[in-house]
Every structure is written in C-alpha cells, then in structure tokens.
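Structure data follow from run_4.csv (CSV, C-alpha atoms):
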chain,number,residue,atom,x,y,z
F,1,THR,CA,0.0,8.2,-37.1
F,2,ARG,CA,0.9,11.3,-35.3
F,3,VAL,CA,-2.0,11.1,-32.8
F,4,THR,CA,-1.2,7.4,-32.0
F,5,THR,CA,2.5,8.2,-31.6
F,6,HIS,CA,1.6,11.1,-29.3
F,7,ILE,CA,-0.6,8.8,-27.1
F,8,GLN,CA,2.0,6.1,-27.0
F,9,ARG,CA,4.6,8.7,-25.9
F,10,MET,CA,2.2,9.9,-23.2
F,11,ALA,CA,1.9,6.2,-22.1
F,12,SER,CA,5.6,5.8,-21.6
F,13,GLU,CA,5.9,9.1,-19.9
F,14,GLN,CA,2.9,8.6,-17.5
F,15,SER,CA,3.1,4.9,-16.8
F,16,ASN,CA,5.3,5.6,-13.7
F,17,GLN,CA,4.0,9.1,-12.9
F,18,ASP,CA,1.8,10.2,-10.1
F,19,THR,CA,-1.7,11.1,-11.5
F,20,THR,CA,-2.8,13.2,-8.6
F,21,GLY,CA,-5.0,16.1,-10.0
F,22,ALA,CA,-4.3,15.0,-13.6
F,23,LEU,CA,-7.9,15.2,-14.7
F,24,LEU,CA,-10.2,18.2,-14.2
F,25,GLY,CA,-13.9,18.5,-15.1
F,26,ILE,CA,-15.8,21.8,-15.3
F,27,GLY,CA,-19.6,21.8,-15.7
F,28,ASN,CA,-23.1,22.0,-14.4
F,29,PRO,CA,-23.6,20.0,-11.2
F,30,LEU,CA,-27.1,18.7,-11.0
F,31,LEU,CA,-29.0,16.4,-8.7
F,32,ASP,CA,-30.8,13.9,-10.9
F,33,ILE,CA,-34.4,13.2,-9.8
F,34,SER,CA,-35.1,9.9,-11.6
F,35,ALA,CA,-38.1,7.7,-11.9
F,36,VAL,CA,-39.7,5.2,-14.3
F,37,VAL,CA,-42.7,6.8,-16.1
F,38,ASP,CA,-45.2,5.8,-18.8
F,39,MET,CA,-45.6,7.5,-22.2
F,40,ASP,CA,-48.6,9.5,-21.0
F,41,PHE,CA,-46.3,11.2,-18.5
F,42,VAL,CA,-43.7,11.8,-21.2
F,43,ASN,CA,-46.3,13.2,-23.6
F,44,LYS,CA,-47.8,15.4,-20.9
F,45,TYR,CA,-44.6,17.4,-20.8
F,46,GLY,CA,-44.1,17.4,-24.5
F,47,VAL,CA,-40.6,15.9,-24.4
F,48,GLU,CA,-38.9,13.2,-26.5
F,49,MET,CA,-37.1,10.1,-25.4
F,50,ASN,CA,-33.3,10.0,-25.9
F,51,ASN,CA,-33.1,13.8,-25.7
F,52,ALA,CA,-32.0,16.5,-23.3
F,53,ILE,CA,-33.5,20.0,-22.9
F,54,LEU,CA,-33.4,23.0,-20.6
F,55,ALA,CA,-36.6,23.4,-18.6
F,56,GLU,CA,-39.2,26.0,-19.6
F,57,PRO,CA,-41.9,27.2,-17.3
F,58,LYS,CA,-44.3,24.5,-18.6
F,59,HIS,CA,-41.8,21.8,-17.4
F,60,LEU,CA,-41.3,23.0,-13.8
F,61,PRO,CA,-44.1,20.9,-12.3
F,62,VAL,CA,-42.3,17.7,-13.4
F,63,TYR,CA,-39.8,17.9,-10.5
F,64,THR,CA,-42.5,17.9,-7.8
F,65,GLU,CA,-44.4,15.2,-9.7
F,66,LEU,CA,-41.4,12.9,-10.0
F,67,ALA,CA,-40.4,13.5,-6.3
F,68,ALA,CA,-43.9,12.2,-5.3
F,69,LYS,CA,-43.3,8.9,-7.0
F,70,ASP,CA,-42.6,5.9,-4.8
F,71,ASP,CA,-39.6,4.7,-6.8
F,72,VAL,CA,-38.0,8.2,-7.2
F,73,GLU,CA,-34.2,8.2,-6.8
F,74,TYR,CA,-31.9,11.1,-6.1
F,75,ILE,CA,-28.5,10.6,-7.8
F,76,ALA,CA,-25.5,13.0,-8.3
F,77,GLY,CA,-25.7,14.1,-11.9
F,78,GLY,CA,-24.7,16.6,-14.5
F,79,ALA,CA,-22.9,15.3,-17.6
F,80,THR,CA,-19.4,16.4,-16.7
F,81,GLN,CA,-19.7,15.4,-13.1
F,82,ASN,CA,-20.9,12.0,-14.1
F,83,SER,CA,-17.9,11.4,-16.4
F,84,ILE,CA,-15.5,12.6,-13.7
F,85,ARG,CA,-17.0,10.4,-11.1
F,86,VAL,CA,-16.7,7.3,-13.4
F,87,ALA,CA,-13.2,8.3,-14.3
F,88,GLN,CA,-12.2,8.5,-10.6
F,89,TRP,CA,-13.9,5.1,-9.9
F,90,MET,CA,-11.5,3.6,-12.5
F,91,SER,CA,-8.4,5.5,-11.5
F,92,ALA,CA,-5.9,5.9,-8.7
F,93,PRO,CA,-7.0,7.9,-5.6
F,94,GLY,CA,-6.8,11.6,-6.1
F,95,THR,CA,-6.7,11.6,-9.9
F,96,THR,CA,-9.7,13.9,-10.4
F,97,SER,CA,-11.1,17.3,-9.5
F,98,TYR,CA,-14.4,19.0,-10.4
F,99,ILE,CA,-15.5,22.6,-10.6
F,100,GLY,CA,-19.1,23.9,-10.8
F,101,CYS,CA,-21.7,26.0,-8.9
F,102,ILE,CA,-24.3,24.7,-6.4
F,103,GLY,CA,-26.8,26.3,-4.1
F,104,SER,CA,-26.4,26.6,-0.3
F,105,ASP,CA,-29.2,24.1,0.3
F,106,GLU,CA,-29.9,20.4,1.1
F,107,PHE,CA,-29.5,19.3,-2.5
F,108,GLY,CA,-26.1,21.0,-2.6
F,109,GLU,CA,-25.0,19.2,0.5
F,110,ARG,CA,-26.1,15.9,-1.1
F,111,LEU,CA,-23.9,16.7,-4.1
F,112,LYS,CA,-20.9,17.6,-2.0
F,113,ALA,CA,-21.3,14.4,0.0
F,114,SER,CA,-21.7,12.3,-3.1
F,115,LEU,CA,-18.6,13.7,-4.8
F,116,GLN,CA,-16.5,13.3,-1.7
F,117,SER,CA,-17.6,9.7,-1.3
F,118,ASP,CA,-16.7,9.0,-4.9
F,119,GLY,CA,-13.2,10.3,-4.2
F,120,VAL,CA,-13.4,13.4,-6.5
F,121,ARG,CA,-12.0,16.7,-5.2
F,122,GLY,CA,-14.9,19.1,-5.4
F,123,LEU,CA,-14.3,22.8,-5.8
F,124,TYR,CA,-17.9,24.1,-5.8
F,125,LEU,CA,-18.8,27.8,-5.9
F,126,GLU,CA,-21.8,28.1,-3.6
F,127,ASP,CA,-24.5,30.5,-4.6
F,128,GLY,CA,-26.7,31.9,-1.8
F,129,THR,CA,-29.7,32.9,-3.9
F,130,GLU,CA,-30.3,30.1,-6.5
F,131,PRO,CA,-31.2,26.6,-5.6
F,132,THR,CA,-28.9,23.7,-6.6
F,133,GLY,CA,-29.7,22.6,-10.2
F,134,THR,CA,-31.8,19.6,-10.8
F,135,CYS,CA,-32.4,17.3,-13.7
F,136,ALA,CA,-35.7,15.4,-14.2
F,137,CYS,CA,-34.8,11.9,-15.6
F,138,LEU,CA,-37.8,10.3,-17.2
F,139,ILE,CA,-37.1,6.6,-17.7
F,140,HIS,CA,-39.3,4.6,-20.0
F,141,GLU,CA,-38.4,1.1,-21.2
F,142,GLY,CA,-34.7,1.7,-20.6
F,143,GLU,CA,-34.6,5.0,-22.5
F,144,ARG,CA,-34.4,8.4,-20.9
F,145,SER,CA,-35.6,12.0,-21.5
F,146,LEU,CA,-33.8,14.7,-19.5
F,147,ILE,CA,-35.2,18.1,-18.4
F,148,ALA,CA,-32.5,20.2,-16.7
F,149,ASN,CA,-33.3,23.1,-14.4
F,150,LEU,CA,-29.9,24.6,-14.0
F,151,GLY,CA,-30.6,26.8,-11.0
F,152,ALA,CA,-27.3,27.6,-9.3
F,153,ALA,CA,-25.3,25.8,-12.0
F,154,ASN,CA,-26.2,28.7,-14.2
F,155,ALA,CA,-24.8,31.2,-11.7
F,156,TYR,CA,-21.2,30.1,-12.1
F,157,GLN,CA,-18.8,33.1,-12.0
F,158,PHE,CA,-15.7,33.5,-14.0
F,159,SER,CA,-14.0,35.0,-11.0
F,160,HIS,CA,-14.2,31.6,-9.3
F,161,ILE,CA,-11.9,29.9,-11.8
F,162,GLN,CA,-9.4,32.8,-11.4
F,163,ALA,CA,-9.1,32.4,-7.6
F,164,GLU,CA,-5.9,30.9,-6.2
F,165,GLU,CA,-7.2,27.4,-5.3
F,166,GLN,CA,-8.9,26.9,-8.7
F,167,THR,CA,-6.0,28.3,-10.6
F,168,ALA,CA,-3.6,25.8,-8.9
F,169,VAL,CA,-6.0,23.0,-9.9
F,170,VAL,CA,-6.2,24.1,-13.5
F,171,GLU,CA,-2.4,24.4,-13.7
F,172,ALA,CA,-1.9,20.9,-12.2
F,173,ALA,CA,-4.3,19.3,-14.5
F,174,GLN,CA,-3.0,17.6,-17.7
F,175,PHE,CA,-6.4,16.8,-19.0
F,176,VAL,CA,-9.5,19.1,-18.8
F,177,TYR,CA,-13.0,17.8,-19.8
F,178,ILE,CA,-16.0,20.0,-20.3
F,179,ALA,CA,-19.4,18.9,-21.5
F,180,GLY,CA,-21.1,21.2,-24.0
F,181,PHE,CA,-23.9,22.1,-21.5
F,182,PHE,CA,-21.5,24.5,-19.9
F,183,LEU,CA,-21.6,26.6,-23.1
F,184,THR,CA,-24.9,28.0,-21.9
F,185,VAL,CA,-23.3,29.2,-18.6
F,186,SER,CA,-19.8,30.6,-19.0
F,187,THR,CA,-18.0,30.6,-22.4
F,188,GLU,CA,-15.5,33.0,-20.7
F,189,THR,CA,-14.5,30.3,-18.3
F,190,ILE,CA,-14.2,27.7,-21.1
F,191,THR,CA,-12.0,30.0,-23.3
F,192,HIS,CA,-9.8,31.0,-20.3
F,193,VAL,CA,-9.1,27.4,-19.4
F,194,ALA,CA,-8.8,26.1,-23.0
F,195,GLN,CA,-6.3,28.8,-23.9
F,196,HIS,CA,-4.1,27.8,-20.9
F,197,ILE,CA,-4.4,24.1,-22.0
F,198,ALA,CA,-3.3,25.1,-25.6
F,199,ASP,CA,-0.5,27.3,-24.4
F,200,GLN,CA,0.9,24.5,-22.2
F,201,GLY,CA,0.5,21.7,-24.7
F,202,LYS,CA,-1.9,19.8,-22.4
F,203,THR,CA,-5.1,18.1,-23.5
F,204,PHE,CA,-8.6,19.7,-23.8
F,205,LEU,CA,-11.6,17.4,-24.3
F,206,MET,CA,-15.2,18.4,-25.0
F,207,ASN,CA,-18.6,16.8,-25.5
F,208,ILE,CA,-21.2,18.2,-27.9
F,209,SER,CA,-23.8,16.9,-25.4
F,210,ALA,CA,-27.1,17.7,-27.0
F,211,PRO,CA,-28.6,18.6,-30.4
F,212,PHE,CA,-30.1,21.9,-29.1
F,213,LEU,CA,-26.5,23.2,-28.3
F,214,VAL,CA,-25.6,22.8,-32.0
F,215,GLN,CA,-28.8,24.5,-33.1
F,216,VAL,CA,-29.0,27.4,-30.6
F,217,PHE,CA,-25.4,27.8,-29.3
F,218,GLY,CA,-23.6,27.1,-32.5
F,219,GLU,CA,-21.4,30.2,-32.4
F,220,GLN,CA,-20.3,29.4,-28.8
F,221,LEU,CA,-19.7,25.7,-29.7
F,222,ASP,CA,-17.5,26.7,-32.7
F,223,ALA,CA,-15.4,28.9,-30.5
F,224,ALA,CA,-14.9,26.1,-28.0
F,225,LEU,CA,-14.3,23.4,-30.7
F,226,TYR,CA,-11.3,25.4,-31.9
F,227,TYR,CA,-9.4,24.5,-28.7
F,228,THR,CA,-10.4,20.8,-28.6
F,229,ASP,CA,-7.9,17.9,-28.8
F,230,PHE,CA,-10.8,15.4,-28.4
F,231,VAL,CA,-14.5,15.8,-29.3
F,232,PHE,CA,-17.2,13.4,-28.1
F,233,ALA,CA,-20.8,13.1,-29.2
F,234,ASN,CA,-23.5,10.5,-29.8
F,235,GLU,CA,-24.9,9.8,-33.3
F,236,THR,CA,-27.9,12.2,-32.9
F,237,GLU,CA,-25.6,15.1,-31.9
F,238,ALA,CA,-23.2,14.2,-34.7
F,239,ARG,CA,-25.9,14.2,-37.3
F,240,MET,CA,-27.2,17.6,-36.1
F,241,LEU,CA,-23.7,19.0,-36.3
F,242,GLY,CA,-23.4,17.6,-39.9
F,243,GLU,CA,-26.7,19.0,-41.0
F,244,THR,CA,-25.9,22.4,-39.5
F,245,LYS,CA,-22.5,22.5,-41.1
F,246,GLY,CA,-23.7,21.2,-44.5
F,247,TRP,CA,-21.7,17.9,-44.1
F,248,GLY,CA,-24.8,15.7,-44.4
F,249,ASN,CA,-25.8,13.2,-41.8
F,250,ASP,CA,-23.4,10.3,-42.4
F,251,VAL,CA,-21.8,9.9,-38.9
F,252,ALA,CA,-18.3,8.8,-40.2
F,253,THR,CA,-18.2,11.7,-42.6
F,254,CYS,CA,-19.2,14.1,-39.8
F,255,ALA,CA,-16.4,12.7,-37.6
F,256,LEU,CA,-13.8,13.3,-40.3
F,257,LYS,CA,-15.1,16.9,-41.0
F,258,CYS,CA,-15.1,17.7,-37.3
F,259,ALA,CA,-11.6,16.4,-36.8
F,260,ALA,CA,-10.4,18.6,-39.7
F,261,LEU,CA,-11.8,21.9,-38.3
F,262,PRO,CA,-9.3,24.7,-37.5
F,263,LYS,CA,-7.5,24.0,-34.2
F,264,ALA,CA,-5.7,26.2,-31.6
F,265,SER,CA,-2.8,23.9,-30.7
F,266,GLY,CA,-0.7,22.4,-33.5
F,267,MET,CA,0.9,19.8,-31.1
F,268,ARG,CA,-1.5,17.1,-32.1
F,269,ALA,CA,-4.3,16.4,-34.5
F,270,ARG,CA,-7.9,16.5,-33.2
F,271,THR,CA,-9.5,13.1,-32.4
F,272,VAL,CA,-13.3,12.8,-32.8
F,273,VAL,CA,-15.2,10.0,-31.0
F,274,PHE,CA,-18.8,9.4,-31.9
F,275,THR,CA,-20.8,6.8,-30.0
F,276,GLN,CA,-23.9,5.1,-31.5
F,277,GLY,CA,-25.5,3.3,-28.6
F,278,ALA,CA,-25.3,-0.5,-29.3
F,279,SER,CA,-23.8,0.2,-32.8
F,280,SER,CA,-20.1,0.7,-33.4
F,281,THR,CA,-18.2,3.6,-31.9
F,282,ILE,CA,-16.6,5.7,-34.6
F,283,VAL,CA,-13.2,7.3,-34.1
F,284,ALA,CA,-11.7,9.8,-36.6
F,285,GLN,CA,-8.1,11.0,-36.5
F,286,ASN,CA,-5.6,12.1,-39.2
F,287,GLY,CA,-8.2,11.6,-42.0
F,288,VAL,CA,-8.9,8.0,-41.1
F,289,VAL,CA,-12.0,6.5,-39.5
F,290,LYS,CA,-11.9,3.4,-37.3
F,291,GLU,CA,-15.0,1.6,-36.0
F,292,TYR,CA,-15.1,-0.2,-32.7
F,293,PRO,CA,-17.9,-2.8,-32.3
F,294,VAL,CA,-19.9,-2.7,-29.0
F,295,SER,CA,-20.4,-6.1,-27.3
F,296,PRO,CA,-24.1,-6.9,-27.3
F,297,LEU,CA,-26.1,-6.8,-24.0
F,298,SER,CA,-29.2,-8.9,-23.7
F,299,PRO,CA,-32.3,-6.7,-23.3
F,300,GLU,CA,-33.3,-8.1,-19.9
F,301,MET,CA,-30.0,-6.8,-18.5
F,302,LEU,CA,-30.6,-3.3,-19.7
F,303,VAL,CA,-31.9,-1.1,-16.8
F,304,ASP,CA,-31.3,2.5,-17.8
F,305,VAL,CA,-29.3,4.2,-20.6
F,306,ASN,CA,-29.2,7.5,-18.7
F,307,GLY,CA,-25.5,8.2,-18.1
F,308,ALA,CA,-24.3,5.7,-20.7
F,309,GLY,CA,-22.5,8.4,-22.8
F,310,ASP,CA,-21.1,10.1,-19.7
F,311,ALA,CA,-19.8,6.7,-18.4
F,312,PHE,CA,-18.2,6.0,-21.8
F,313,VAL,CA,-16.3,9.3,-21.6
F,314,GLY,CA,-15.4,8.5,-18.0
F,315,GLY,CA,-13.8,5.2,-18.9
F,316,PHE,CA,-12.1,6.7,-21.9
F,317,LEU,CA,-10.6,9.5,-19.7
F,318,ALA,CA,-9.4,7.0,-17.1
F,319,SER,CA,-7.5,5.1,-19.8
F,320,LEU,CA,-6.2,8.3,-21.4
F,321,VAL,CA,-4.8,9.6,-18.1
F,322,ARG,CA,-3.0,6.3,-17.6
F,323,GLY,CA,-1.5,6.7,-21.1
F,324,GLY,CA,-3.7,4.2,-22.9
F,325,ASN,CA,-3.7,4.1,-26.7
F,326,MET,CA,-6.9,4.6,-28.7
F,327,ASP,CA,-7.9,1.0,-28.6
F,328,ALA,CA,-7.5,0.9,-24.8
F,329,CYS,CA,-9.4,4.1,-24.3
F,330,VAL,CA,-12.4,3.0,-26.3
F,331,GLU,CA,-12.4,-0.5,-24.7
F,332,ALA,CA,-12.4,1.2,-21.2
F,333,GLY,CA,-15.2,3.5,-22.3
F,334,HIS,CA,-17.3,0.6,-23.6
F,335,TRP,CA,-16.8,-1.3,-20.4
F,336,ALA,CA,-17.8,1.6,-18.2
F,337,ALA,CA,-21.0,2.3,-20.2
F,338,ARG,CA,-21.9,-1.4,-20.1
F,339,VAL,CA,-21.6,-1.3,-16.3
F,340,ILE,CA,-23.7,1.8,-15.9
F,341,ILE,CA,-26.6,0.8,-18.2
F,342,GLN,CA,-27.2,-2.3,-16.0
F,343,ARG,CA,-27.9,0.1,-13.1
F,344,SER,CA,-30.3,2.9,-12.3
F,345,GLY,CA,-28.8,6.3,-13.1
F,346,CYS,CA,-25.0,7.0,-13.4
F,347,THR,CA,-24.1,4.8,-10.5
F,348,PHE,CA,-21.5,2.1,-10.1
F,349,PRO,CA,-20.4,-0.7,-7.7
F,350,ASP,CA,-18.2,0.2,-4.7
F,351,THR,CA,-15.2,-1.5,-6.3
F,352,CYS,CA,-14.1,-1.3,-9.8
F,353,ASP,CA,-12.9,-4.6,-11.2
F,354,TYR,CA,-11.8,-3.5,-14.6
F,355,GLU,CA,-8.7,-5.3,-15.7
F,356,TRP,CA,-6.2,-2.9,-17.3
F,357,SER,CA,-4.2,-4.5,-20.0
F,358,ALA,CA,-1.0,-2.6,-18.9

Translate the structure described by the file into structure tokens.
Amino acid sequence: TRVTTHIQRMASEQSNQDTTGALLGIGNPLLDISAVVDMDFVNKYGVEMNNAILAEPKHLPVYTELAAKDDVEYIAGGATQNSIRVAQWMSAPGTTSYIGCIGSDEFGERLKASLQSDGVRGLYLEDGTEPTGTCACLIHEGERSLIANLGAANAYQFSHIQAEEQTAVVEAAQFVYIAGFFLTVSTETITHVAQHIADQGKTFLMNISAPFLVQVFGEQLDAALYYTDFVFANETEARMLGETKGWGNDVATCALKCAALPKASGMRARTVVFTQGASSTIVAQNGVVKEYPVSPLSPEMLVDVNGAGDAFVGGFLASLVRGGNMDACVEAGHWAARVIIQRSGCTFPDTCDYEWSA
C-alpha cells in the first residue's frame, strides 16, 4: 500500500541517518501526584475509573488529600511528555525534544530535572504567576482516574513557539506529536506547527486523548485532525468519536472513517491506530483494517495502567523515527506499554533492553 511503501522508504532513508532532534512533542507538562485509593475515595470526588477530566473547584482538595497519603508518588507526567520520555528511552541519545509551560516553582524544577535525566531536550516556557500543572492519579485495582489541574500548562503562549530557539527545533523535527489535551490550551500553536509539517512533507501525529475533548472541543479537534498523518486513541475515545460523528460505535469502522477524513497533506494517507487495552490494537490505513493481538499479562503482574496508552505511543514513535514499518511500530508500542503497566506511573528501568529487529 502507499502508506506501507512510504514507511519502508523512510526506513531505507533513515537507517543510516542521525536522529538528533527528529522527534518533537508539544503538550501540557504536569507533575503526577499518584496514590492507591479505595472506591469511597473515587466516589467522593464523583469521578470514574479509566477516565480523564479537567479539575473543577469541587476537585481541588484531592491534590492535598493525595499528597498526605503515605504511599504518594510524584512522577513527571502529562500525556505528551510521557510519550516523548518513553520514546527517548528507546531511542538514540538526543532524538527527542519537548515544549510546554511550567511554573517558576519547586514542581517545575522537578519536571525540568526529570526531563533532563530522561535525556529529553526540554524547552519550557516558565510562567511566573501560575503554579506548575498537576494531575491527581487515583489508582484502584490497577485502573486509574485522572484529574488534571493545568495551572501553568494552560498559560502557554503562541509567541514562545515563534521564538528563535523553538523555531529551530520545529524546523529540525521530522515528526511532531501532540496529545489532544493541548487543544484546550493553544490551537493557534497546533495549527502553526501542523501547517509547517504539512508544507514540508514531514509527519504530524496526534492523540484524541479523552472523551470530553470529542464532546466539548469537537470543532478544535476537527481542525487539528485535518493535518494529521497518524491518529491515536483508545477504544473509549474511538467510540465517542464514532457516536459524535454518526459512525456508530464499532471501533474498526470508526478507525476507517477517521482515516478517510479530509487531509491537509496529500503525500501520504492517514493512518489511525486505536488501542483497546488487553484486546487487539486496530490499525486502519488505505481502507484496510489490520488487528494486532496483545500478548496477555497475568493479573498479578499488573501494577498500574496509568500511562499505558502514552507508553504505547512512545514505543510506536521510537520505531517510526527509526524507519520501522507498521508491524514494527505496533510491536514496539505493545512492548513499551507492557513494561510500563508493571510499574507505578509512567516510569521505566534505567536501561532499555528492547531488541530491535533491524
């Protein structure tokens, strides 16, 4: 197919190329405040498991309450940042960069140190008035519910992406990934970068990220999807997209319909990748759906699914930047997700032992 041929061509072109700065992520940097809770705690804040929402005033006490727990963990988070950290872990040094906004505070310093230790080039805008964004991660029986308080992440300024250093990073990147959560912050930035990617024939990838984005920010999502070469989502987000668009809730059908939406760049067809937890991952391209089974993991090995989707994208991106074909990209994504769900939060061992097939 045209997409497969394009990826294979990229493989031959990139196999001997320097990948420095090849992958850029733009998003909402958050510090995850994570703890195991019971269902009474979950119900107290009126949230659902396996969901992500933006904090309302009624949710704000959750951060203090989680911080007081003995087993609380502070982990660098934010969907795009997670994916880029995982991609860098699986890639050659210097492959990745990340752009977002943090506060001038202790949590912001934690994020900068974390990103640096993970080998990602961080280009943070620092806001002097808003605190660094946080995400409450409520973990119950391996499932998670996320409550994001964007704080400084919501203060990202379009002028930052236009500055000389960031412009150079955007121009150097061959692949740009943005999670849908950034749609609530700066659609101007997304459009600016996506148009550059389309004009230059480079690769723009996006994640739908959460059902509420489809419901509440549908117009902004549609505008961004127009530029996408790759779209990621989980089955819940895929079904919400299908129901909103009138496609029904069959995940494979939704993938095909999404792949066929109008597209800015005619260089390649859009590829849609829908994960379904432990069920098969669905990939739609050129009117064809392929399913990729997920290797089963025994329940006692499952620690925390928070970050599984982000890790999948990270592995997928690492393979794509190397020039991997679709099978290789999905395999790397599945492997990365499998590693992350056996740990707390989106964390990984010091050394990546993934064996690349080529």

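If you measure from each of F:Glu141, F:Glu355, F:Asp350, F:Asp40 to Ala332 (chain F) using all atoms listed in the file, the closest one turns out to be F:Glu355.
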
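Between CA of Asp250 (chain F) and CA of Tyr226 (chain F) the interatomic distance comes to 22.0 Å.
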
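CA of Leu30 (chain F) is found 15.6 Å from CA of Val72 (chain F).
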
Which residue out of F:Asn306, F:Ser295, F:Ser117, F:Thr64 has the minimum interatomic distance to Ile341 (chain F) when only C-alpha atoms are used? F:Asn306

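Ranking F:Ala336, F:Leu261, F:Ile26, F:Ala152 by their shortest atom-to-atom distance to Tyr177 (chain F), with all atoms listed in the file included, puts F:Ile26 first.
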
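Between Gly266 (chain F) and the residues F:Asn50, F:Ser104, F:Ser298, F:Thr203, the shortest atom-to-atom distance, using all atoms listed in the file, involves F:Thr203.
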
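Comparing the minimum interatomic distances between Ile102 (chain F) and each of F:Ser159, F:Ile84, F:Asn51, F:Gly27, counting all atoms listed in the file, we find that F:Gly27 sits nearest.
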
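In this comparison, which uses all atoms listed in the file, the residue of F:Gly77, F:Tyr63, F:Phe158, F:Ile340 approaching Thr187 (chain F) most closely is F:Phe158.
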
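For Ser97 (chain F), the list of residues within 8 Å, based on only C-alpha atoms and with local chain neighbours fewer than 2 positions off taken out, reads Gly21, Leu23, Leu24, Gly25, Ile84, Gly94, Thr95, Ile99, Val120, Arg121, Gly122, Leu123 and Val169 of chain F.
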
At a cut-off of 12 Å, using all atoms listed in the file, what residues contact Lys69 (chain F)? Leave out same-chain residues fewer than 2 positions from it and give the result as an MDAnalysis selection string. chainID F and resid 33:37 62:67 71:74 138

Exercise: Gln342 (chain F) partners within 8 Å, all atoms listed in the file, chain neighbours under 4 positions left out, as a ChimeraX atom specification: /F:301-304,338

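If you look at CA of Leu317 (chain F) and CA of Leu241 (chain F), they are 23.2 Å away from each other.
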
N, CA and C atoms for region 166-178 of chain F, written as a PDB file, in the coordinates of the input, could you do that?
ATOM      1  N   GLN F 166      -8.480  27.420  -7.391  1.00  0.00           N
ATOM      2  CA  GLN F 166      -8.900  26.900  -8.700  1.00  0.00           C
ATOM      3  C   GLN F 166      -7.785  27.025  -9.728  1.00  0.00           C
ATOM      4  N   THR F 167      -7.074  28.131  -9.684  1.00  0.00           N
ATOM      5  CA  THR F 167      -6.000  28.300 -10.600  1.00  0.00           C
ATOM      6  C   THR F 167      -4.917  27.249 -10.448  1.00  0.00           C
ATOM      7  N   ALA F 168      -4.632  26.893  -9.205  1.00  0.00           N
ATOM      8  CA  ALA F 168      -3.600  25.800  -8.900  1.00  0.00           C
ATOM      9  C   ALA F 168      -4.122  24.494  -9.475  1.00  0.00           C
ATOM     10  N   VAL F 169      -5.431  24.234  -9.380  1.00  0.00           N
ATOM     11  CA  VAL F 169      -6.000  23.000  -9.900  1.00  0.00           C
ATOM     12  C   VAL F 169      -5.911  22.922 -11.400  1.00  0.00           C
ATOM     13  N   VAL F 170      -6.234  24.031 -12.042  1.00  0.00           N
ATOM     14  CA  VAL F 170      -6.200  24.100 -13.500  1.00  0.00           C
ATOM     15  C   VAL F 170      -4.718  23.896 -13.959  1.00  0.00           C
ATOM     16  N   GLU F 171      -3.789  24.528 -13.275  1.00  0.00           N
ATOM     17  CA  GLU F 171      -2.400  24.400 -13.700  1.00  0.00           C
ATOM     18  C   GLU F 171      -1.827  23.016 -13.441  1.00  0.00           C
ATOM     19  N   ALA F 172      -2.351  22.301 -12.441  1.00  0.00           N
ATOM     20  CA  ALA F 172      -1.900  20.900 -12.200  1.00  0.00           C
ATOM     21  C   ALA F 172      -2.458  19.926 -13.136  1.00  0.00           C
ATOM     22  N   ALA F 173      -3.645  20.220 -13.685  1.00  0.00           N
ATOM     23  CA  ALA F 173      -4.300  19.300 -14.500  1.00  0.00           C
ATOM     24  C   ALA F 173      -3.616  19.108 -15.886  1.00  0.00           C
ATOM     25  N   GLN F 174      -3.494  17.868 -16.326  1.00  0.00           N
ATOM     26  CA  GLN F 174      -3.000  17.600 -17.700  1.00  0.00           C
ATOM     27  C   GLN F 174      -4.066  17.379 -18.680  1.00  0.00           C
ATOM     28  N   PHE F 175      -5.269  17.079 -18.184  1.00  0.00           N
ATOM     29  CA  PHE F 175      -6.400  16.800 -19.000  1.00  0.00           C
ATOM     30  C   PHE F 175      -7.615  17.600 -18.452  1.00  0.00           C
ATOM     31  N   VAL F 176      -8.302  18.367 -19.275  1.00  0.00           N
ATOM     32  CA  VAL F 176      -9.500  19.100 -18.800  1.00  0.00           C
ATOM     33  C   VAL F 176     -10.669  18.688 -19.733  1.00  0.00           C
ATOM     34  N   TYR F 177     -11.757  18.257 -19.092  1.00  0.00           N
ATOM     35  CA  TYR F 177     -13.000  17.800 -19.800  1.00  0.00           C
ATOM     36  C   TYR F 177     -14.143  18.709 -19.446  1.00  0.00           C
ATOM     37  N   ILE F 178     -14.852  19.183 -20.472  1.00  0.00           N
ATOM     38  CA  ILE F 178     -16.000  20.000 -20.300  1.00  0.00           C
ATOM     39  C   ILE F 178     -17.137  19.546 -21.216  1.00  0.00           C
TER      40      ILE F 178
END
